[in-house]
$ cat query-v1.cif   # mmCIF, C-alpha atoms
data_start
loop_
_atom_site.label_atom_id
_atom_site.label_comp_id
_atom_site.auth_asym_id
_atom_site.auth_seq_id
_atom_site.Cartn_x
_atom_site.Cartn_y
_atom_site.Cartn_z
CA MET W 1 1.49 -3.10 -28.05
CA GLY W 2 4.99 -3.42 -29.49
CA ALA W 3 7.95 -1.12 -29.53
CA GLU W 4 5.94 2.01 -30.14
CA THR W 5 4.40 1.91 -26.67
CA ILE W 6 7.79 2.05 -24.97
CA LEU W 7 8.71 5.30 -26.68
CA LEU W 8 12.39 4.59 -26.31
CA GLN W 9 14.44 7.74 -26.11
CA SER W 10 16.38 8.57 -29.24
CA GLN W 11 20.13 8.81 -29.20
CA GLN W 12 21.19 11.90 -27.29
CA GLN W 13 24.48 13.69 -27.24
CA HIS W 14 26.18 13.42 -23.89
CA THR W 15 26.49 17.14 -23.34
CA TRP W 16 27.24 17.51 -19.69
CA GLY W 17 27.49 21.29 -19.91
CA PRO W 18 27.79 23.05 -16.56
CA LEU W 19 27.15 19.80 -14.72
CA VAL W 20 30.57 18.40 -15.60
CA LEU W 21 32.49 17.82 -12.39
CA LYS W 22 36.26 17.89 -12.81
CA SER W 23 38.44 15.40 -10.99
CA THR W 24 39.39 17.90 -8.34
CA TYR W 25 37.32 16.86 -5.33
CA ALA W 26 39.01 17.59 -2.06
CA SER W 27 40.87 14.65 -0.58
CA HIS W 28 39.00 14.85 2.73
CA HIS W 29 36.28 12.50 1.36
CA ASP W 30 38.45 9.38 1.69
CA SER W 31 36.44 7.12 4.05
CA THR W 32 35.45 4.74 1.25
CA ASP W 33 38.24 3.52 -1.01
CA THR W 34 36.85 3.15 -4.54
CA SER W 35 40.22 2.65 -6.22
CA GLU W 36 39.63 -1.11 -6.52
CA TRP W 37 36.10 -0.77 -7.84
CA PRO W 38 35.66 -1.95 -11.45
CA ALA W 39 36.05 0.55 -14.25
CA ARG W 40 32.96 -1.01 -15.77
CA VAL W 41 30.36 -3.56 -14.68
CA GLU W 42 28.83 -6.02 -17.13
CA GLY W 43 25.64 -8.04 -17.20
CA GLU W 44 21.97 -7.89 -18.12
CA LEU W 45 21.52 -4.97 -15.74
CA VAL W 46 23.57 -2.80 -18.09
CA TRP W 47 20.88 -1.44 -20.40
CA ASP W 48 19.80 1.88 -21.84
CA SER W 49 17.12 3.47 -24.00
CA ASN W 50 18.08 1.40 -27.04
CA THR W 51 18.34 -2.05 -25.45
CA PHE W 52 14.74 -3.26 -25.56
CA LYS W 53 13.17 -3.28 -29.01
CA SER W 54 9.71 -4.20 -27.74
CA GLU W 55 7.87 -4.78 -24.48
CA ASP W 56 8.11 -8.52 -25.09
CA TYR W 57 11.60 -8.39 -23.57
CA PHE W 58 10.25 -7.56 -20.12
CA MET W 59 6.45 -7.96 -20.18
CA ILE W 60 4.58 -11.17 -19.35
CA THR W 61 1.34 -10.82 -21.32
CA LEU W 62 -1.29 -13.21 -20.05
CA ASN W 63 -3.21 -15.31 -22.54
CA ASP W 64 -6.89 -16.17 -22.02
CA ASP W 65 -6.10 -19.40 -20.20
CA GLU W 66 -3.72 -17.63 -17.81
CA VAL W 67 -6.32 -14.96 -17.04
CA LEU W 68 -8.79 -17.74 -16.21
CA GLU W 69 -6.10 -19.35 -14.06
CA VAL W 70 -5.70 -16.14 -12.05
CA LYS W 71 -9.46 -15.91 -11.57
CA ALA W 72 -9.58 -19.54 -10.43
CA ALA W 73 -6.74 -18.90 -7.97
CA LEU W 74 -8.63 -15.89 -6.62
CA HIS W 75 -11.77 -18.00 -6.15
CA HIS W 76 -9.72 -20.72 -4.44
CA PHE W 77 -8.06 -18.22 -2.11
CA ASN W 78 -11.35 -16.58 -1.16
CA ASP W 79 -12.73 -20.00 -0.27
CA THR W 80 -9.89 -20.60 2.20
CA GLY W 81 -10.93 -17.68 4.41
CA LEU W 82 -7.30 -16.63 4.82
CA TYR W 83 -6.10 -13.06 5.21
CA GLY W 84 -4.66 -11.43 2.09
CA SER W 85 -1.21 -11.34 3.70
CA GLU W 86 -1.33 -15.14 3.73
CA ALA W 87 -1.34 -15.39 -0.07
CA THR W 88 1.43 -17.75 -1.18
CA PRO W 89 2.08 -19.94 -4.22
CA ASP W 90 0.36 -22.73 -2.26
CA THR W 91 -2.76 -20.76 -1.35
CA PHE W 92 -2.91 -18.86 -4.67
CA PRO W 93 -2.06 -21.69 -7.12
CA LEU W 94 -0.99 -20.74 -10.64
CA PRO W 95 0.26 -23.99 -12.22
CA THR W 96 0.92 -22.51 -15.67
CA LEU W 97 1.68 -18.87 -14.91
CA GLY W 98 3.57 -19.59 -11.69
CA PRO W 99 6.77 -20.92 -13.34
CA LYS W 100 6.88 -17.82 -15.56
CA LEU W 101 6.63 -15.61 -12.48
CA GLU W 102 9.39 -17.56 -10.74
CA THR W 103 11.60 -17.01 -13.79
CA ALA W 104 10.67 -13.33 -13.59
CA ALA W 105 11.82 -13.25 -9.96
CA ARG W 106 15.22 -14.57 -11.06
CA ASP W 107 15.37 -11.93 -13.82
CA LEU W 108 14.55 -9.30 -11.23
CA HIS W 109 17.50 -10.25 -9.04
CA ASN W 110 20.01 -11.62 -11.56
CA GLY W 111 18.84 -10.23 -14.90
CA ARG W 112 17.56 -6.91 -16.19
CA GLY W 113 16.10 -5.82 -12.82
CA PHE W 114 12.44 -5.26 -13.72
CA VAL W 115 9.47 -7.14 -15.15
CA GLY W 116 5.83 -6.41 -15.99
CA VAL W 117 2.65 -8.50 -16.03
CA ARG W 118 -0.21 -7.50 -18.33
CA GLY W 119 -3.65 -8.82 -19.19
CA LEU W 120 -5.88 -8.29 -16.15
CA LYS W 121 -8.69 -5.73 -16.02
CA PRO W 122 -9.26 -4.05 -12.64
CA SER W 123 -12.80 -3.08 -13.65
CA GLU W 124 -13.77 -6.77 -13.52
CA PHE W 125 -12.91 -7.09 -9.82
CA THR W 126 -13.82 -5.49 -6.51
CA PRO W 127 -11.18 -3.36 -4.76
CA GLU W 128 -10.61 -6.22 -2.31
CA ASP W 129 -10.11 -8.77 -5.09
CA ASN W 130 -7.76 -6.45 -6.98
CA VAL W 131 -5.58 -6.36 -3.87
CA LEU W 132 -5.78 -10.15 -3.49
CA ILE W 133 -4.72 -10.63 -7.12
CA PHE W 134 -1.83 -8.22 -6.53
CA LEU W 135 -0.80 -10.15 -3.42
CA GLY W 136 -1.25 -13.56 -5.02
CA ILE W 137 0.81 -12.86 -8.13
CA SER W 138 3.39 -10.94 -6.09
CA SER W 139 3.92 -13.94 -3.81
CA TYR W 140 5.75 -15.65 -6.68
CA ILE W 141 8.06 -12.63 -7.05
CA GLY W 142 8.68 -11.77 -3.41
CA GLY W 143 6.73 -13.46 -0.66
CA ARG W 144 7.36 -10.99 2.15
CA GLN W 145 5.60 -7.63 2.18
CA GLY W 146 7.01 -4.58 3.96
CA ARG W 147 5.57 -1.64 5.84
CA GLN W 148 5.91 1.69 4.08
CA ASP W 149 5.50 4.31 6.79
CA GLU W 150 5.37 4.87 10.53
CA GLN W 151 1.69 3.87 10.58
CA GLY W 152 2.65 0.41 9.35
CA ASN W 153 0.79 0.77 6.05
CA MET W 154 1.49 -2.24 3.83
CA LEU W 155 -0.31 -0.79 0.81
CA MET W 156 0.22 2.73 -0.48
CA HIS W 157 -2.44 4.29 -2.71
CA LEU W 158 -0.72 6.65 -5.16
CA ARG W 159 -2.93 9.34 -6.61
CA ASN W 160 -3.26 13.09 -6.81
CA ALA W 161 -5.00 14.32 -3.65
CA LYS W 162 -7.40 16.55 -5.56
CA ASN W 163 -9.45 17.42 -2.46
CA SER W 164 -6.43 18.80 -0.61
CA ARG W 165 -5.82 22.52 -0.31
CA THR W 166 -2.12 21.87 0.23
CA PRO W 167 -0.20 23.28 -2.77
CA GLN W 168 1.25 20.69 -5.13
CA LEU W 169 4.85 21.57 -4.23
CA GLU W 170 4.15 21.06 -0.52
CA ARG W 171 2.74 17.55 -0.86
CA PRO W 172 4.54 14.22 -0.97
CA THR W 173 5.16 13.49 -4.65
CA ARG W 174 2.99 10.38 -4.45
CA TYR W 175 -0.04 12.55 -3.62
CA SER W 176 0.65 15.16 -6.29
CA ASN W 177 0.56 15.33 -10.08
CA ARG W 178 4.05 16.75 -10.49
CA ALA W 179 6.98 14.94 -12.07
CA SER W 180 9.52 13.26 -9.85
CA THR W 181 13.27 13.05 -10.22
CA PHE W 182 15.04 9.70 -10.41
CA HIS W 183 15.28 7.99 -7.04
CA THR W 184 14.86 4.74 -5.14
CA ASP W 185 12.20 3.94 -2.54
CA THR W 186 14.12 4.15 0.73
CA PHE W 187 15.45 0.72 1.72
CA CYS W 188 13.03 -1.75 0.12
CA ASP W 189 14.17 -4.67 -2.05
CA ILE W 190 11.39 -4.85 -4.65
CA LEU W 191 9.10 -2.00 -5.64
CA ALA W 192 5.76 -3.42 -6.84
CA LEU W 193 3.12 -1.30 -8.60
CA GLN W 194 -0.41 -2.16 -9.68
CA THR W 195 -1.98 0.27 -12.15
CA ARG W 196 -5.70 0.77 -11.55
CA ASN W 197 -6.20 3.79 -13.84
CA ASN W 198 -4.04 5.94 -16.12
CA ALA W 199 -3.93 9.71 -16.31
CA GLN W 200 -5.52 11.42 -19.29
CA ILE W 201 -2.20 13.12 -20.04
CA GLY W 202 1.27 12.02 -18.89
CA GLY W 203 2.11 9.99 -15.80
CA ALA W 204 4.31 7.37 -17.47
CA ASN W 205 6.83 5.45 -15.36
CA LEU W 206 10.50 6.05 -16.19
CA LEU W 207 13.28 3.56 -15.43
CA ALA W 208 17.07 3.83 -15.59
CA SER W 209 19.68 1.20 -14.78
CA SER W 210 21.89 2.06 -11.81
CA TRP W 211 24.60 -0.07 -13.43
CA THR W 212 24.49 2.02 -16.58
CA VAL W 213 24.64 5.19 -14.48
CA TYR W 214 27.71 3.80 -12.72
CA ASN W 215 29.43 2.93 -16.01
CA LYS W 216 28.76 6.38 -17.47
CA LEU W 217 30.11 8.04 -14.34
CA MET W 218 33.26 5.93 -14.46
CA GLU W 219 33.75 6.88 -18.10
CA LYS W 220 33.21 10.58 -17.48
CA ASP W 221 34.83 11.18 -14.10
CA PRO W 222 35.53 8.49 -11.48
CA ALA W 223 35.82 11.26 -8.89
CA ILE W 224 32.03 11.57 -8.97
CA VAL W 225 31.77 7.87 -8.14
CA ASN W 226 34.16 8.43 -5.26
CA LEU W 227 32.10 11.34 -3.96
CA LEU W 228 28.83 9.38 -4.13
CA ALA W 229 30.46 6.49 -2.25
CA GLN W 230 31.58 8.54 0.74
CA PRO W 231 29.69 8.22 4.05
CA ASN W 232 29.00 11.95 4.35
CA TRP W 233 25.56 12.30 2.74
CA SER W 234 23.14 13.43 5.44
CA PHE W 235 19.53 12.23 5.17
CA ASP W 236 16.91 14.20 7.08
CA SER W 237 14.03 12.12 8.37
CA ARG W 238 11.09 12.88 10.60
CA GLY W 239 8.80 10.59 12.54
CA SER W 240 9.51 7.15 13.97
CA PHE W 241 10.05 5.07 10.83
CA PHE W 242 13.67 5.88 9.95
CA PRO W 243 16.15 7.95 11.96
CA CYS W 244 18.27 10.68 10.40
CA SER W 245 21.44 9.17 9.00
CA THR W 246 24.70 9.97 7.25
CA ARG W 247 25.86 7.39 4.73
CA PRO W 248 26.92 6.82 1.10
CA LEU W 249 24.56 6.88 -1.89
CA LEU W 250 26.58 4.44 -3.97
CA PHE W 251 27.85 1.00 -2.96
CA PHE W 252 29.71 -1.92 -4.52
CA GLN W 253 28.67 -5.01 -2.57
CA ASP W 254 29.31 -8.64 -3.57
CA GLY W 255 29.71 -7.70 -7.22
CA HIS W 256 26.57 -5.53 -7.24
CA VAL W 257 26.40 -1.80 -7.87
CA ILE W 258 23.75 -0.35 -5.55
CA ILE W 259 22.47 3.23 -5.69
CA ASN W 260 20.08 4.28 -2.93
CA PHE W 261 18.75 7.81 -2.44
CA SER W 262 15.94 10.27 -2.96
CA ARG W 263 16.35 14.02 -3.09
CA GLU W 264 13.95 15.30 -0.43
CA PRO W 265 15.79 13.99 2.65
CA LEU W 266 19.11 15.10 1.15
CA LEU W 267 18.25 18.57 -0.12
CA GLY W 268 15.51 19.39 2.36
CA LEU W 269 12.25 21.22 1.80
CA ASN W 270 11.64 24.91 1.24
CA GLY W 271 10.83 26.64 4.50
CA VAL W 272 11.69 23.59 6.61
CA PRO W 273 14.93 23.80 8.65
CA ARG W 274 17.20 20.76 8.61
CA ALA W 275 17.13 18.53 11.67
CA SER W 276 19.37 19.82 14.44
CA GLY W 277 23.05 19.14 13.78
CA LEU W 278 22.47 17.78 10.29
CA PRO W 279 24.68 19.52 7.72
CA SER W 280 23.43 20.63 4.33
CA LEU W 281 24.92 19.19 1.16
CA THR W 282 27.97 20.86 -0.30
CA GLN W 283 27.83 22.42 -3.75
CA GLU W 284 29.89 19.47 -5.05
CA GLN W 285 27.33 17.03 -3.73
CA LYS W 286 24.42 18.95 -5.25
CA GLU W 287 26.16 19.01 -8.62
CA ALA W 288 26.84 15.27 -8.38
CA LEU W 289 23.12 14.62 -7.87
CA ASP W 290 22.40 16.66 -10.98
CA VAL W 291 24.87 14.58 -12.98
CA VAL W 292 23.20 11.36 -11.83
CA GLU W 293 19.83 12.79 -12.86
CA GLN W 294 21.11 13.80 -16.27
CA ILE W 295 22.68 10.40 -16.97
CA ALA W 296 19.51 8.63 -15.87
CA LYS W 297 17.40 10.77 -18.21
CA GLU W 298 19.74 10.17 -21.14
CA ASN W 299 19.44 6.40 -20.70
CA GLN W 300 15.86 6.01 -19.48
CA ILE W 301 13.07 3.90 -20.87
CA ILE W 302 9.49 5.10 -20.72
CA LEU W 303 6.80 2.60 -19.76
CA HIS W 304 3.21 3.39 -20.65
CA ALA W 305 1.13 1.17 -18.41
CA GLU W 306 -2.33 -0.19 -19.08
CA PRO W 307 -4.95 -0.58 -16.33
CA GLY W 308 -4.26 -3.87 -14.58
CA ASP W 309 -0.53 -3.88 -15.28
CA LEU W 310 1.81 -5.02 -12.54
CA LEU W 311 5.38 -3.72 -12.48
CA PHE W 312 8.14 -5.17 -10.31
CA ILE W 313 11.44 -3.29 -9.92
CA ASN W 314 14.69 -4.26 -8.20
CA ASN W 315 14.95 -1.17 -6.03
CA HIS W 316 18.69 -1.65 -5.46
CA ALA W 317 19.54 -1.82 -9.16
CA VAL W 318 17.06 0.38 -11.02
CA LEU W 319 16.23 4.05 -10.51
CA HIS W 320 12.70 5.21 -11.24
CA SER W 321 10.72 8.39 -11.70
CA ARG W 322 7.50 9.48 -13.33
CA GLU W 323 6.21 12.11 -15.68
CA ALA W 324 3.94 14.93 -14.56
CA PHE W 325 0.32 14.21 -15.35
CA SER W 326 -3.10 15.80 -15.55
CA ASP W 327 -6.68 14.62 -15.26
CA SER W 328 -9.74 16.76 -15.82
CA ALA W 329 -12.00 17.41 -12.85
CA GLU W 330 -14.73 15.47 -14.65
CA ASN W 331 -12.60 12.34 -15.15
CA PRO W 332 -14.23 9.59 -13.03
CA ASN W 333 -11.10 7.41 -13.17
CA PRO W 334 -7.99 9.55 -12.58
CA ARG W 335 -4.47 8.12 -12.34
CA TYR W 336 -4.34 5.59 -9.54
CA LEU W 337 -1.64 3.08 -8.60
CA VAL W 338 -1.26 0.79 -5.60
CA ARG W 339 2.24 0.15 -4.25
CA MET W 340 3.81 -2.63 -2.22
CA TRP W 341 7.36 -3.21 -1.03
CA LEU W 342 8.39 -6.85 -1.39
CA LYS W 343 11.29 -9.10 -0.45
CA ASN W 344 12.31 -12.46 -1.87
CA GLU W 345 14.17 -13.96 1.06
CA GLU W 346 15.93 -16.58 -1.06
CA MET W 347 17.17 -14.23 -3.79
CA ALA W 348 17.54 -10.91 -1.94
CA TRP W 349 20.85 -9.11 -2.43
CA LYS W 350 23.16 -8.84 0.54
CA LEU W 351 23.11 -5.20 1.61
CA PRO W 352 25.81 -2.98 3.11
CA GLN W 353 25.35 -2.31 6.79
CA SER W 354 24.19 1.28 6.29
CA LEU W 355 21.20 0.03 4.26
CA GLN W 356 20.46 -3.11 6.25
CA HIS W 357 18.97 -1.35 9.29
CA GLY W 358 16.36 0.45 7.20
CA ASN W 359 15.63 -2.73 5.27
CA SER W 360 15.01 -4.56 8.53
CA ARG W 361 12.65 -1.82 9.71
CA ILE W 362 10.56 -2.44 6.60
CA TYR W 363 10.42 -6.24 6.62
CA GLU W 364 11.02 -7.49 10.16
CA ASP W 365 8.49 -7.48 13.00
CA ASN W 366 8.69 -4.35 15.14
CA GLU W 367 6.58 -1.94 17.17
CA LEU W 368 4.91 -0.45 14.08
CA GLY W 369 2.81 -3.52 13.31
CA GLU W 370 0.95 -3.89 10.02
CA ARG W 371 -1.99 -1.96 8.60
CA TRP W 372 -3.76 -3.23 5.49
CA ASN W 373 -5.67 -0.27 4.07
CA ILE W 374 -7.45 -2.06 1.22
CA MET W 375 -9.46 1.00 0.21
CA ASP W 376 -8.00 4.35 -0.69
CA VAL W 377 -8.73 7.03 1.91
CA PRO W 378 -8.77 10.57 0.41
CA ARG W 379 -5.90 12.65 1.78
CA VAL W 380 -6.14 16.32 2.72
CA ASP W 381 -3.22 16.99 5.07
CA PHE W 382 0.30 15.56 5.08
CA LYS W 383 2.89 15.00 7.78
CA LEU W 384 6.42 16.29 7.36
CA SER W 385 7.68 12.70 7.59
CA GLU W 386 5.59 11.84 4.50
CA ARG W 387 7.16 14.65 2.51
CA MET W 388 10.61 13.32 3.38
CA THR W 389 9.98 9.81 2.01
CA SER W 390 9.10 8.22 -1.31
#
$ encode --input "query-v1.cif" --output "structure tokens"
Amino acid sequence: MGAETILLQSQQQHTWGPLVLKSTYASHHDSTDTSEWPARVEGELVWDSNTFKSEDYFMITLNDDEVLEVKAALHHFNDTGLYGSEATPDTFPLPTLGPKLETAARDLHNGRGFVGVRGLKPSEFTPEDNVLIFLGISSYIGGRQGRQDEQGNMLMHLRNAKNSRTPQLERPTRYSNRASTFHTDTFCDILALQTRNNAQIGGANLLASSWTVYNKLMEKDPAIVNLLAQPNWSFDSRGSFFPCSTRPLLFFQDGHVIINFSREPLLGLNGVPRASGLPSLTQEQKEALDVVEQIAKENQIILHAEPGDLLFINNHAVLHSREAFSDSAENPNPRYLVRMWLKNEEMAWKLPQSLQHGNSRIYEDNELGERWNIMDVPRVDFKLSERMTS
């Protein structure tokens, strides 16, 4: 498709306007010492809207032989009688494509932080086989799948819940058609998305490098970095998946900048009181979130997916959001993505302690078990815990 499909943002003036935070934060946020943090980080993860001139820089486009190889691997796997969760490079053999995917896994952890795979057509496969293809290819990127909610769901079906009477603003973003702000998906390592259908209008995925955000903050006002790094950001959570917590949003761990947050558990929901004893954000903290959002938008890339595309994102290094979208009531194939949370146990980044517990809840065996909902089940009502998570 070439550079035109990325729609790279044009150069923008860095007009911070009323969001500029002066270096006058109160000294009581001193629990994390950021004075020794680098003034700038370098590496392939430092990219912006002008870095990638075409999708070829991050997209693996399958040729005809590789598509046939995927179909042969699917046939082989189905003949084994194994469960989908048992898909591995051994049980889903891709002798030609596999090495490319293994290189992509290294790029995900030590390179630019995201990669796409293009060339498969979901309409040619059953829903079950689409999931098996997703699992098989993903096993070369990150072989361990994680649960995504307190029901133990391993697959999340992302689409506008058009049959729900719940207003758009009162739904989890993943079941609405509204735009999202930049965020990360709780504590997972790799965010994996399979596009089944696109919206008629909008719905593109937006990515921004956390390392670029860090560098821009350090250039503009290191005090914002210091504020984001303090362990006084209170996350509201409901249900049994993650407890409420108070921790930093920004970390520097083993040479890696890590940003981890989403707005709903920080800012709360209209008409929903905060959990007992959990303080609200200060005005300084709210303004800092707005600065992060503005920097991410100024440096974002826009990815227009095609049906069948797979997208893998290093959730610790890359922020993501999406455009608002619309589909007509008559559209038989509205926007529909399937999501997994993956982990590559050999390449996974070492996490700070305040993120490790949540990461373990996702990937390690616990009381929640696993639920593989291969088919999408239309949603009508939503729990409060769902509205508080990605």
$ residues_around --input "query-v1.cif" --residues "Glu306 (chain W)" --least-positions-apart "2" --cutoff "8 Å" --atoms "all atoms listed in the file" --output "list in words"
Arg118, Thr195, Asn197, Asn198, His304, Gly308 and Asp309 of chain W
$ closest_residue --input "query-v1.cif" --among "W:Ile301, W:Cys244, W:Val41, W:Ala275" --to "Phe58 (chain W)" --atoms "all atoms listed in the file"
W:Ile301
$ closest_residue --input "query-v1.cif" --among "W:Leu342, W:Leu206, W:Ile313, W:Leu97" --to "Glu293 (chain W)" --atoms "all atoms listed in the file"
W:Leu206
$ closest_atom_pairs --input "query-v1.cif" --of "region 237-309 of chain W" --to "region 33-39 of chain W" --cutoff "10 Å" --atoms "all atoms listed in the file" --output "Markdown table"
| residue | atom | partner | partner_atom | distance |
| --- | --- | --- | --- | --- |
| W:Phe251 | CA | W:Thr34 | CA | 9.4 |
| W:Phe252 | CA | W:Trp37 | CA | 7.3 |
| W:Gly255 | CA | W:Pro38 | CA | 9.3 |
| W:Val257 | CA | W:Trp37 | CA | 9.8 |
$ closest_residue --input "query-v1.cif" --among "W:Arg144, W:His109, W:Gly136, W:Glu264" --to "Ala72 (chain W)" --atoms "all atoms listed in the file"
W:Gly136
